[in-house]
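For reference, structure.txt (compact mmCIF, C-alpha atoms):
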```txt
# COMPACT_ATOMS: atom_id res chain seq x y z
CA MET A 141 181.86 40.67 119.25
CA VAL A 142 180.07 42.28 116.35
CA THR A 143 179.30 45.93 116.81
CA PRO A 144 175.69 46.82 115.82
CA VAL A 145 175.51 48.98 112.80
CA SER A 146 172.48 51.22 112.08
CA ARG A 147 170.58 50.72 108.84
CA SER A 148 171.27 54.24 107.68
CA ARG A 149 175.00 53.51 107.48
CA HIS A 150 174.34 50.61 105.09
CA ARG A 151 171.80 52.56 102.93
CA PRO A 152 173.24 53.55 99.56
CA ARG A 153 174.07 57.23 99.29
CA ALA A 154 171.79 57.68 96.31
CA ALA A 155 168.88 56.38 98.34
CA ARG A 156 169.69 58.70 101.24
CA VAL A 157 169.54 61.82 99.12
CA ALA A 158 166.62 60.75 96.97
CA VAL A 159 164.02 62.43 99.13
CA ALA A 160 165.97 65.66 99.31
CA GLU A 161 166.23 65.79 95.54
CA ILE A 162 162.45 65.45 94.91
CA PRO A 163 161.07 68.84 93.85
CA LEU A 164 158.85 70.51 96.45
CA ALA A 165 155.96 70.82 93.98
CA THR A 166 155.72 67.02 93.63
CA ARG A 167 156.44 65.95 97.18
CA ARG A 168 153.66 64.22 99.04
CA THR A 169 152.85 65.53 102.47
CA THR A 170 151.18 63.76 105.32
CA ARG A 171 149.16 66.81 106.47
CA GLN A 172 145.39 66.34 106.41
CA PRO A 173 143.09 69.01 104.90
CA ALA A 174 141.45 71.39 107.34
CA PRO A 175 138.01 70.23 108.47
CA THR A 176 135.05 72.05 106.94
CA ALA A 177 131.73 73.13 108.40
CA ALA A 178 130.14 69.95 107.08
CA GLU A 179 132.61 67.91 109.19
CA ALA A 180 131.71 69.73 112.39
CA ALA A 181 129.55 67.26 114.29
CA VAL A 182 126.39 69.06 115.42
CA PRO A 183 125.21 67.80 118.82
CA GLY A 184 122.08 65.70 118.50
CA HIS A 185 120.01 67.85 120.89
CA PHE A 186 120.61 70.85 118.56
CA LEU A 187 118.83 69.10 115.67
CA CYS A 188 115.15 69.62 114.90
CA PRO A 189 113.24 66.29 114.99
CA ILE A 190 111.35 67.31 111.83
CA SER A 191 114.03 68.73 109.52
CA LEU A 192 117.00 66.96 111.17
CA GLU A 193 118.93 70.21 110.74
CA MET A 194 120.38 72.51 113.36
CA MET A 195 117.67 74.68 114.87
CA ARG A 196 117.82 78.43 114.32
CA ASP A 197 114.76 79.44 116.34
CA PRO A 198 114.05 76.63 118.84
CA VAL A 199 110.59 76.48 120.38
CA THR A 200 109.28 73.98 122.90
CA ALA A 201 105.84 72.36 122.73
CA PRO A 202 103.78 71.51 125.83
CA THR A 203 104.83 67.90 125.22
CA GLY A 204 108.40 68.86 126.15
CA ILE A 205 109.81 68.37 122.62
CA THR A 206 111.87 71.20 121.11
CA TYR A 207 111.53 71.97 117.40
CA ASP A 208 112.74 74.64 114.99
CA ARG A 209 109.94 77.20 114.65
CA ASP A 210 109.75 77.17 110.86
CA SER A 211 109.60 73.38 110.76
CA VAL A 212 106.89 72.86 113.37
CA GLU A 213 104.76 75.76 112.13
CA GLY A 214 105.02 74.39 108.61
CA TRP A 215 103.93 71.00 109.99
CA LEU A 216 100.85 72.57 111.60
CA GLU A 217 100.01 74.64 108.51
CA ARG A 218 99.90 71.46 106.43
CA GLY A 219 96.89 70.36 108.45
CA HIS A 220 98.47 68.39 111.27
CA VAL A 221 97.11 68.98 114.78
CA THR A 222 99.40 66.78 116.85
CA CYS A 223 103.00 66.78 118.04
CA PRO A 224 105.13 64.93 115.45
CA VAL A 225 107.03 62.99 118.14
CA THR A 226 104.44 62.24 120.83
CA GLY A 227 101.21 62.41 118.83
CA ARG A 228 99.55 64.60 121.46
CA PRO A 229 97.41 67.62 120.45
CA LEU A 230 99.42 70.70 119.51
CA ARG A 231 98.54 74.27 118.51
CA ALA A 232 100.79 77.02 117.18
CA GLU A 233 99.79 79.21 120.12
CA ASP A 234 101.24 76.66 122.53
CA LEU A 235 104.81 76.97 121.25
CA ILE A 236 107.20 78.73 123.62
CA PRO A 237 110.64 80.11 122.59
CA ASN A 238 113.45 78.03 124.09
CA HIS A 239 116.01 80.72 124.84
CA ALA A 240 118.34 78.40 126.76
CA THR A 241 118.76 76.02 123.83
CA ARG A 242 119.15 78.89 121.41
CA ARG A 243 121.97 80.40 123.50
CA MET A 244 123.70 77.00 123.70
CA ILE A 245 123.50 76.68 119.91
CA GLN A 246 124.95 80.16 119.47
CA GLU A 247 127.82 79.40 121.87
CA TRP A 248 128.56 76.16 120.01
CA CYS A 249 128.63 78.05 116.70
CA VAL A 250 131.10 80.59 118.09
CA ALA A 251 133.31 77.81 119.47
CA ASN A 252 133.41 76.11 116.07
CA ARG A 253 133.91 79.25 114.03
CA ALA A 254 137.31 77.98 112.87
CA LEU A 255 135.52 75.11 111.14
CA GLY A 256 133.44 77.53 109.10
CA VAL A 257 130.30 77.40 111.27
CA GLU A 258 128.34 80.66 111.19
CA ARG A 259 126.68 81.96 114.32
CA VAL A 260 122.90 81.61 114.38
CA PRO A 261 121.38 85.11 114.70
CA THR A 262 119.00 85.88 117.51
CA PRO A 263 115.49 85.54 116.04
CA LEU A 264 113.09 88.42 116.16
CA VAL A 265 109.98 88.03 118.26
CA PRO A 266 107.12 87.04 115.92
CA VAL A 267 103.83 88.89 115.87
CA SER A 268 101.01 87.23 117.75
CA ALA A 269 97.35 87.36 116.78
CA ALA A 270 96.70 89.71 119.70
CA ASP A 271 99.53 92.02 118.61
CA ALA A 272 98.18 92.12 115.05
CA ALA A 273 94.65 92.88 116.23
CA GLU A 274 95.90 95.68 118.49
CA LEU A 275 97.98 97.26 115.72
CA LEU A 276 95.19 97.17 113.14
CA ALA A 277 92.68 98.52 115.65
CA ALA A 278 95.04 101.43 116.28
CA VAL A 279 95.20 102.12 112.51
CA SER A 280 91.40 102.24 112.30
CA ALA A 281 91.14 104.50 115.36
CA ALA A 282 93.71 106.94 114.00
CA ALA A 283 91.86 107.09 110.65
CA ARG A 284 88.57 107.87 112.39
CA ARG A 285 90.26 110.75 114.18
CA GLY A 286 91.77 111.96 110.93
CA ASP A 287 95.23 111.68 112.47
CA GLY A 288 97.46 111.47 109.39
CA PRO A 289 100.84 111.27 111.18
CA ALA A 290 99.63 108.46 113.44
CA CYS A 291 98.21 106.55 110.45
CA ARG A 292 101.51 106.90 108.62
CA GLN A 293 103.49 105.62 111.60
CA LEU A 294 101.16 102.67 112.22
CA ALA A 295 100.98 101.71 108.53
CA ALA A 296 104.78 101.80 108.34
CA ARG A 297 104.91 99.53 111.40
CA ALA A 298 102.49 97.07 109.81
CA ARG A 299 104.44 97.06 106.55
CA ALA A 300 107.76 96.47 108.33
CA LEU A 301 106.33 93.59 110.33
CA GLY A 302 104.79 92.03 107.22
CA LYS A 303 108.08 92.16 105.36
CA GLU A 304 110.05 90.90 108.35
CA SER A 305 108.87 87.30 107.97
CA ASP A 306 106.28 85.27 106.17
CA ARG A 307 104.84 84.22 109.51
CA ASN A 308 104.19 87.84 110.48
CA ARG A 309 102.59 88.51 107.12
CA ARG A 310 100.23 85.54 107.47
CA CYS A 311 99.29 86.65 110.95
CA LEU A 312 98.45 90.19 109.80
CA VAL A 313 96.57 88.91 106.75
CA ALA A 314 94.51 86.67 109.02
CA GLY A 315 93.72 89.77 111.08
CA ALA A 316 92.33 91.54 107.95
CA ALA A 317 95.23 93.96 107.53
CA ALA A 318 94.25 94.86 103.95
CA ARG A 319 90.71 95.68 105.00
CA ALA A 320 91.85 97.87 107.89
CA LEU A 321 94.40 99.76 105.76
CA SER A 322 92.06 100.30 102.79
CA SER A 323 89.32 101.48 105.15
CA ALA A 324 91.76 103.90 106.76
CA PHE A 325 92.73 105.21 103.33
CA ALA A 326 89.08 105.81 102.41
CA GLN A 327 88.32 107.55 105.71
CA LEU A 328 91.30 109.88 105.40
CA VAL A 329 90.52 110.99 101.84
CA ASP A 330 86.87 111.56 102.69
CA ARG A 331 87.99 114.36 104.98
CA ARG A 332 89.35 116.23 101.92
CA ALA A 333 92.41 117.37 103.89
CA TRP A 334 94.65 116.92 100.87
CA ALA A 335 97.37 119.37 101.84
CA ALA A 336 97.84 117.92 105.32
CA LEU A 337 97.70 114.34 104.11
CA THR A 338 100.25 115.00 101.39
CA ALA A 339 102.57 116.66 103.87
CA THR A 340 102.41 113.74 106.31
CA GLY A 341 102.73 111.06 103.62
CA ALA A 342 99.99 109.00 105.29
CA LEU A 343 98.24 107.98 102.06
CA GLU A 344 101.48 106.97 100.37
CA GLU A 345 102.52 104.85 103.36
CA ILE A 346 99.13 103.11 103.47
CA LEU A 347 99.41 102.21 99.77
CA ALA A 348 102.90 100.83 100.32
CA ALA A 349 101.61 98.73 103.22
CA LEU A 350 98.66 97.46 101.17
CA VAL A 351 101.05 95.99 98.60
CA VAL A 352 102.53 93.72 101.28
CA PHE A 353 99.14 92.21 102.14
CA PHE A 354 97.79 91.28 98.70
CA PRO A 355 95.43 89.88 97.56
CA LEU A 356 92.68 92.36 98.45
CA ASP A 357 89.28 91.04 99.36
CA GLU A 358 86.07 92.51 97.90
CA GLU A 359 85.55 95.03 100.70
CA SER A 360 89.13 96.29 100.43
CA ARG A 361 88.79 96.72 96.66
CA ARG A 362 85.56 98.68 97.09
CA HIS A 363 87.29 101.03 99.54
CA ILE A 364 90.01 101.80 96.99
CA ALA A 365 87.54 102.09 94.09
CA SER A 366 85.35 104.66 95.82
CA PRO A 367 85.36 108.01 93.94
CA ALA A 368 87.38 109.89 96.59
CA SER A 369 89.89 107.08 97.11
CA LEU A 370 90.32 106.51 93.39
CA ASP A 371 91.02 110.20 92.83
CA ALA A 372 93.67 110.08 95.54
CA VAL A 373 95.36 106.96 94.16
CA VAL A 374 95.39 108.38 90.62
CA SER A 375 96.79 111.67 91.90
CA ILE A 376 99.60 109.86 93.71
CA MET A 377 100.38 107.76 90.63
CA SER A 378 100.63 110.95 88.55
CA HIS A 379 102.39 113.35 90.90
CA GLY A 380 103.83 111.42 93.85
CA GLU A 381 107.38 110.37 94.63
CA ILE A 382 108.77 107.45 92.64
CA THR A 383 108.15 104.81 95.31
CA ALA A 384 104.65 106.15 95.94
CA ARG A 385 103.84 106.10 92.21
CA VAL A 386 104.93 102.48 91.99
CA SER A 387 102.76 101.53 94.97
CA ALA A 388 99.75 103.34 93.49
CA ALA A 389 100.20 101.61 90.12
CA VAL A 390 100.44 98.18 91.77
CA VAL A 391 97.34 98.79 93.91
CA LEU A 392 95.33 99.85 90.85
CA ARG A 393 96.51 96.73 89.04
CA GLU A 394 95.33 94.59 91.94
CA VAL A 395 91.88 96.21 91.90
CA ALA A 396 91.51 96.05 88.12
CA SER A 397 92.72 92.45 87.74
CA SER A 398 90.08 91.22 90.17
CA SER A 399 87.52 91.71 87.34
CA ASP A 400 85.15 93.23 89.89
CA ALA A 401 82.51 94.86 87.64
CA GLN A 402 81.68 97.61 90.12
CA CYS A 403 85.34 98.54 90.58
CA LEU A 404 86.03 98.49 86.84
CA ASP A 405 83.01 100.71 86.13
CA ALA A 406 84.27 103.23 88.68
CA MET A 407 87.77 103.13 87.24
CA SER A 408 86.55 103.50 83.65
CA SER A 409 84.58 106.67 84.32
CA GLU A 410 85.89 109.74 82.52
CA THR A 411 86.07 111.69 85.77
CA SER A 412 88.54 109.26 87.38
CA GLY A 413 91.51 110.49 85.32
CA ILE A 414 93.02 107.02 85.36
CA HIS A 415 93.46 106.87 81.57
CA ASP A 416 95.59 110.02 81.53
CA ALA A 417 97.62 108.75 84.49
CA ILE A 418 98.33 105.42 82.78
CA VAL A 419 99.49 107.10 79.57
CA LYS A 420 101.66 109.52 81.54
CA LEU A 421 103.28 106.67 83.46
CA LEU A 422 104.04 104.77 80.25
CA LYS A 423 105.45 107.83 78.49
CA ARG A 424 107.70 108.65 81.46
CA PRO A 425 108.33 105.30 83.19
CA VAL A 426 109.60 105.23 86.75
CA SER A 427 110.27 101.48 87.08
CA PRO A 428 109.63 98.22 85.21
CA GLN A 429 107.22 97.14 87.94
CA ALA A 430 105.12 100.29 87.54
CA THR A 431 105.14 99.97 83.73
CA LYS A 432 103.89 96.38 83.85
CA ALA A 433 101.27 97.26 86.46
CA ALA A 434 99.97 100.12 84.30
CA LEU A 435 99.75 97.82 81.26
CA VAL A 436 97.77 95.21 83.19
CA THR A 437 95.38 97.89 84.47
CA ALA A 438 94.93 99.23 80.94
CA TYR A 439 94.20 95.73 79.63
CA TYR A 440 91.39 95.09 82.11
CA LEU A 441 89.93 98.56 81.55
CA VAL A 442 89.85 98.02 77.77
CA GLN A 443 88.32 94.59 78.23
CA SER A 444 85.58 95.96 80.47
CA THR A 445 84.23 98.77 78.29
CA ASP A 446 84.62 100.28 74.81
CA ARG A 447 84.65 103.72 76.40
CA ALA A 448 88.02 103.01 78.02
CA ALA A 449 89.45 101.74 74.71
CA SER A 450 88.33 104.87 72.84
CA ARG A 451 89.73 107.13 75.54
CA LEU A 452 93.13 105.42 75.52
CA VAL A 453 93.30 105.49 71.71
CA ASP A 454 92.55 109.23 71.76
CA LEU A 455 95.39 109.73 74.26
CA GLY A 456 97.89 108.09 71.88
CA MET A 457 98.10 104.68 73.54
CA VAL A 458 98.54 102.78 70.25
CA GLN A 459 101.56 104.81 69.18
CA LEU A 460 103.00 104.58 72.68
CA LEU A 461 102.67 100.78 72.74
CA VAL A 462 104.33 100.39 69.35
CA GLU A 463 107.28 102.51 70.51
CA LEU A 464 107.47 100.52 73.74
CA LEU A 465 107.54 97.19 71.89
CA VAL A 466 110.64 98.11 69.91
CA ASP A 467 112.88 97.30 72.87
CA CYS A 468 111.47 95.79 76.08
CA ASP A 469 111.73 92.63 78.14
CA LYS A 470 109.58 89.53 77.85
CA GLY A 471 107.02 90.43 80.51
CA THR A 472 106.52 93.95 79.20
CA THR A 473 106.27 92.64 75.63
CA GLU A 474 103.49 90.21 76.54
CA LYS A 475 101.48 92.82 78.38
CA ALA A 476 101.96 95.53 75.75
CA LEU A 477 100.89 93.15 72.96
CA ALA A 478 97.80 92.16 74.95
CA VAL A 479 96.73 95.80 75.31
CA LEU A 480 97.52 96.59 71.67
CA ASP A 481 95.54 93.60 70.44
CA SER A 482 92.54 94.77 72.48
CA LEU A 483 92.80 98.33 71.17
CA LEU A 484 92.84 97.05 67.58
CA LEU A 485 89.30 95.83 68.08
CA THR A 486 88.27 99.45 67.52
CA GLU A 487 88.36 101.15 64.15
CA GLU A 488 90.18 104.14 65.62
CA GLY A 489 92.86 101.87 67.07
CA ARG A 490 93.45 100.10 63.76
CA GLY A 491 93.72 103.45 62.00
CA LYS A 492 96.36 104.68 64.47
CA ALA A 493 98.35 101.46 64.11
CA TYR A 494 98.15 101.49 60.31
CA ALA A 495 99.47 105.07 60.27
CA HIS A 496 102.52 104.18 62.36
CA ALA A 497 105.61 103.13 60.41
CA LEU A 498 106.71 100.63 63.08
CA ALA A 499 103.42 98.87 63.83
CA VAL A 500 103.55 96.05 61.26
CA PRO A 501 107.33 95.43 61.50
CA VAL A 502 107.13 95.21 65.30
CA LEU A 503 104.21 92.78 65.23
CA VAL A 504 105.99 90.55 62.73
CA LYS A 505 109.16 90.64 64.81
CA LYS A 506 107.34 89.67 68.03
CA MET A 507 105.64 86.65 66.45
CA GLN A 508 108.68 84.54 67.30
CA HIS A 509 111.44 84.18 69.90
CA VAL A 510 109.57 85.81 72.81
CA SER A 511 106.96 83.44 74.26
CA ASP A 512 103.83 81.54 73.30
CA MET A 513 101.71 84.29 74.81
CA ALA A 514 103.51 86.99 72.82
CA THR A 515 103.09 84.93 69.64
CA GLU A 516 99.37 84.61 70.26
CA PHE A 517 98.82 88.35 70.74
CA ALA A 518 101.17 89.38 67.90
CA VAL A 519 99.44 87.07 65.39
CA SER A 520 96.03 88.26 66.58
CA ALA A 521 96.98 91.94 66.29
CA LEU A 522 98.42 91.50 62.78
CA TRP A 523 95.33 89.51 61.78
CA ARG A 524 93.08 92.35 62.95
CA LEU A 525 95.08 94.88 60.93
CA CYS A 526 95.16 92.91 57.68
CA LYS A 527 91.66 91.45 57.89
CA ASN A 528 89.91 94.73 58.48
CA LEU A 529 91.67 96.62 55.66
CA SER A 530 89.93 95.99 52.36
CA GLY A 531 91.79 94.99 49.19
CA GLU A 532 95.49 94.33 48.71
CA GLY A 533 96.44 97.45 50.63
CA PRO A 534 99.81 98.73 51.77
CA CYS A 535 99.41 96.99 55.15
CA LYS A 536 99.59 93.54 53.54
CA ALA A 537 102.43 94.59 51.26
CA GLU A 538 104.37 95.91 54.26
CA ALA A 539 103.76 92.68 56.17
CA LEU A 540 105.13 90.70 53.21
CA GLN A 541 108.17 92.95 52.94
CA VAL A 542 109.20 92.33 56.54
CA GLY A 543 108.86 88.54 56.22
CA ALA A 544 105.42 87.87 57.70
CA PHE A 545 104.60 85.13 55.17
CA GLN A 546 107.74 83.12 55.92
CA LYS A 547 107.35 83.49 59.68
CA LEU A 548 103.72 82.39 59.56
CA LEU A 549 104.66 79.33 57.54
CA LEU A 550 107.37 78.47 60.04
CA LEU A 551 104.98 79.05 62.91
CA LEU A 552 102.48 76.56 61.47
CA GLN A 553 105.25 74.03 60.83
CA VAL A 554 106.62 74.29 64.35
CA GLY A 555 103.10 74.02 65.73
CA CYS A 556 100.56 76.37 67.24
CA MET A 557 97.11 75.62 68.60
CA GLY A 558 93.56 76.92 68.72
CA VAL A 559 92.73 80.47 67.71
CA THR A 560 96.37 81.28 66.94
CA LYS A 561 96.54 78.49 64.36
CA GLU A 562 93.28 79.60 62.76
CA ARG A 563 94.36 83.22 62.49
CA ALA A 564 97.83 82.34 61.23
CA SER A 565 96.25 80.22 58.49
CA GLU A 566 93.84 83.00 57.54
CA LEU A 567 96.70 85.51 57.49
CA LEU A 568 98.58 83.28 55.05
CA ARG A 569 95.58 83.21 52.75
CA LEU A 570 95.20 86.98 52.96
CA LEU A 571 98.89 87.61 52.27
CA ASN A 572 99.21 84.98 49.53
CA GLY A 573 97.12 87.07 47.13
CA SER A 574 99.45 90.03 47.56
CA ARG A 575 102.78 88.23 47.12
CA GLY A 576 103.32 89.04 43.45
CA GLY A 577 106.12 91.51 42.92
CA VAL A 578 106.74 92.15 46.65
CA GLU A 579 110.37 91.89 47.73
CA CYS A 580 111.02 90.42 51.16
CA ILE A 581 113.37 92.34 53.44
CA GLU A 582 115.55 90.03 55.51
CA SER A 583 115.82 92.39 58.49
CA VAL A 584 114.35 95.67 59.64
CA ASP A 585 116.37 98.53 61.08
CA PHE A 586 114.03 99.61 63.86
CA LYS A 587 116.35 102.39 64.97
CA GLY A 588 116.23 103.86 61.51
CA LEU A 589 112.46 103.69 61.37
CA LYS A 590 111.82 104.84 64.89
CA ARG A 591 110.08 108.16 65.27
CA PRO A 592 109.82 110.01 68.57
CA PHE A 593 106.40 109.72 70.17
CA VAL A 594 104.64 113.05 70.37
```

Now, as a test, write the supplied structure out as structure tokens.
Amino acid sequence: MVTPVSRSRHRPRAARVAVAEIPLATRRTTRQPAPTAAEAAVPGHFLCPISLEMMRDPVTAPTGITYDRDSVEGWLERGHVTCPVTGRPLRAEDLIPNHATRRMIQEWCVANRALGVERVPTPLVPVSAADAAELLAAVSAAARRGDGPACRQLAARARALGKESDRNRRCLVAGAAARALSSAFAQLVDRRAWAALTATGALEEILAALVVFFPLDEESRRHIASPASLDAVVSIMSHGEITARVSAAVVLREVASSSDAQCLDAMSSETSGIHDAIVKLLKRPVSPQATKAALVTAYYLVQSTDRAASRLVDLGMVQLLVELLVDCDKGTTEKALAVLDSLLLTEEGRGKAYAHALAVPVLVKKMQHVSDMATEFAVSALWRLCKNLSGEGPCKAEALQVGAFQKLLLLLQVGCMGVTKERASELLRLLNGSRGGVECIESVDFKGLKRPFV
């Protein structure tokens, strides 16, 4: 009888030790990679029928279908008036939070945490139209009583709710939040209780809340542009805390950029003090947002009346803008060039720019490599300077020295349109007659030329 022999006894020794001799770094393993969150199968009843994603804030319609709140509200906001699944009529007011499903989703997330699934947070209760109306009515009532602390508390509540979610913001906007807050601001300042209002911070909080509910309608703008309200906003922008100054600057920008003639006339009056406040904010900036807002306000004021342009030129706005343009970001550059170009429409503005050592070099530098808008304003400003100075004056010679002729040629070759093309071509003709004997400087040391603004 033949005794069975196992295969391992007949395997060559070299084959038996081959596996043991393979380095660990190159050995293949049979272990599978750990499953990821994407591999965790989400139960079908946790998925929204609209987005087909796991619901985070499930709500149930009267039709019995459960949706994610953001998805179904977005569906209704796009003009639909029926349930996406059943086709029956549906309103946003009919949606009811489905707490049971939400808790089941949260429990499933916790159970699958090892797979990388994050727990869905408990959603905050959204503001209803009735809640918004009640809150805004309370703001108006507190303002009529002259109750600064109550107005501050209610305005802070409205601002927090508006920032909490876009849905809350839309609900408060629909309830005329901006109108209620601006009216409250006007009523409080009419009482002339400046010391008490400043101590409570009611005005500052109302301005901060107004920013959340832009844009302002006509009535809201008129409230802010009233003489008493405007004085208060300008005072806050000049002397308030940093956050309050930013809010005041942004509110003034919103009012000015509406191009409301009545508001702009009120803002341009010499008694408003807005011109001094703008210059002060630009000389001692508190934030990029406030700087840009002040520049936009200045632009619309200058566009509305020559009186505002003359006042800003007298306050040193031209020199301040030139200094600002030496080193600033794209958005600030565009806005500063727009204001400077408008100020150069006046003879006084051109004289101030011509007297500044950095004006021409900065304009030539900003003609390229910023944006099309910056190019348009820089070419226009340089055109105003050279065109309105008679003869082959130092302004043209300085422009040639810093490479204006070459940059204008390149600009026309690359391509520019409309008024910019016309002014660039005219600038070339103006500069061409002054080219003899002028040496072009390849680069300009702005730090070396920079003078402190006084």

Write out as lines of an AutoDock Vina configuration file an axis-aligned box for range 248-265 of chain A: all of its atoms listed in the file, 6 Å added on each side, centre and edge lengths in Å with one decimal.
```
center_x = 123.6
center_y = 81.8
center_z = 114.6
size_x = 39.3
size_y = 25.3
size_z = 22.9
```

Nearest to Ala388 in chain A, chosen from A:Leu347, A:Ala180, A:Pro224, A:Cys403, with all atoms listed in the file counted in the distances: A:Leu347

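Near Ala281 in chain A, within 9 Å and counting all atoms listed in the file, sit Leu276, Gly286, Asp287, Cys291 and Ala324 of chain A, not including residues fewer than 5 positions from it in the same chain.
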
Fewer than 4 positions away in the same chain doesn't count, so skip those; otherwise give me all residues within 7 Å of Leu477 in chain A, counting all atoms listed in the file, as a PDB file with C-alpha atoms, keeping the file's coordinate frame.
```
ATOM      1  CA  THR A 473     106.270  92.640  75.630  1.00  0.00           C
ATOM      2  CA  ASP A 481      95.540  93.600  70.440  1.00  0.00           C
ATOM      3  CA  ALA A 514     103.510  86.990  72.820  1.00  0.00           C
ATOM      4  CA  PHE A 517      98.820  88.350  70.740  1.00  0.00           C
ATOM      5  CA  ALA A 518     101.170  89.380  67.900  1.00  0.00           C
TER       6      ALA A 518
END
```

Neighbouring residues of Ser397 in chain A were defined as those with any atom within 9 Å, considering all atoms listed in the file; residues of the same chain fewer than 2 positions away were excluded. Please report them as a ChimeraX atom specification. /A:392-395,399-400,436-437,439-440

For those residues, write C-alpha atoms to a file as a short mmCIF file (atom, residue, chain, number, x, y, z; two decimals), keeping the file's coordinate frame.
```
data_model
loop_
_atom_site.label_atom_id
_atom_site.label_comp_id
_atom_site.auth_asym_id
_atom_site.auth_seq_id
_atom_site.Cartn_x
_atom_site.Cartn_y
_atom_site.Cartn_z
CA LEU A 392 95.33 99.85 90.85
CA ARG A 393 96.51 96.73 89.04
CA GLU A 394 95.33 94.59 91.94
CA VAL A 395 91.88 96.21 91.90
CA SER A 399 87.52 91.71 87.34
CA ASP A 400 85.15 93.23 89.89
CA VAL A 436 97.77 95.21 83.19
CA THR A 437 95.38 97.89 84.47
CA TYR A 439 94.20 95.73 79.63
CA TYR A 440 91.39 95.09 82.11
#
```

Neighbouring residues of His415 in chain A were defined as those with any atom within 7 Å, considering only C-alpha atoms; residues of the same chain fewer than 3 positions away were excluded. Please report them as a ChimeraX atom specification. /A:418-419,452

Ala277 in chain A environment, 10 Å, only C-alpha atoms, sequence neighbours closer than 4 positions dropped, as a PDB file with C-alpha atoms, in the frame of the given file:
```pdb
ATOM      1  CA  ASP A 271      99.530  92.020 118.610  1.00  0.00           C
ATOM      2  CA  ALA A 272      98.180  92.120 115.050  1.00  0.00           C
ATOM      3  CA  ALA A 273      94.650  92.880 116.230  1.00  0.00           C
ATOM      4  CA  ALA A 281      91.140 104.500 115.360  1.00  0.00           C
ATOM      5  CA  ALA A 282      93.710 106.940 114.000  1.00  0.00           C
ATOM      6  CA  ALA A 283      91.860 107.090 110.650  1.00  0.00           C
ATOM      7  CA  GLY A 315      93.720  89.770 111.080  1.00  0.00           C
ATOM      8  CA  ALA A 317      95.230  93.960 107.530  1.00  0.00           C
ATOM      9  CA  ALA A 320      91.850  97.870 107.890  1.00  0.00           C
TER      10      ALA A 320
END
```

Interatomic distance (Å, one decimal) between CA of Arg297 in chain A and CA of Pro263 in chain A: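 If I compute the distance from CA of Arg297 in chain A to CA of Pro263 in chain A, I get 18.1 Å.
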
Measuring atom to atom with all atoms listed in the file, identify which of A:Ser378, A:Leu343, A:Val504, A:Gln327 is nearest to Ser366 in chain A.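 Residue with the minimum atom-to-atom distance to Ser366 in chain A: A:Gln327.
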
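Computed from the coordinates, the CA of Thr203 in chain A to CA of Cys249 in chain A distance equals 27.2 Å.
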
Counting all atoms listed in the file, which of A:Glu463, A:Glu258, A:Asp330, A:Glu566 gets nearest to Arg284 in chain A?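 Checking each candidate against Arg284 in chain A, we get A:Asp330 as the closest.
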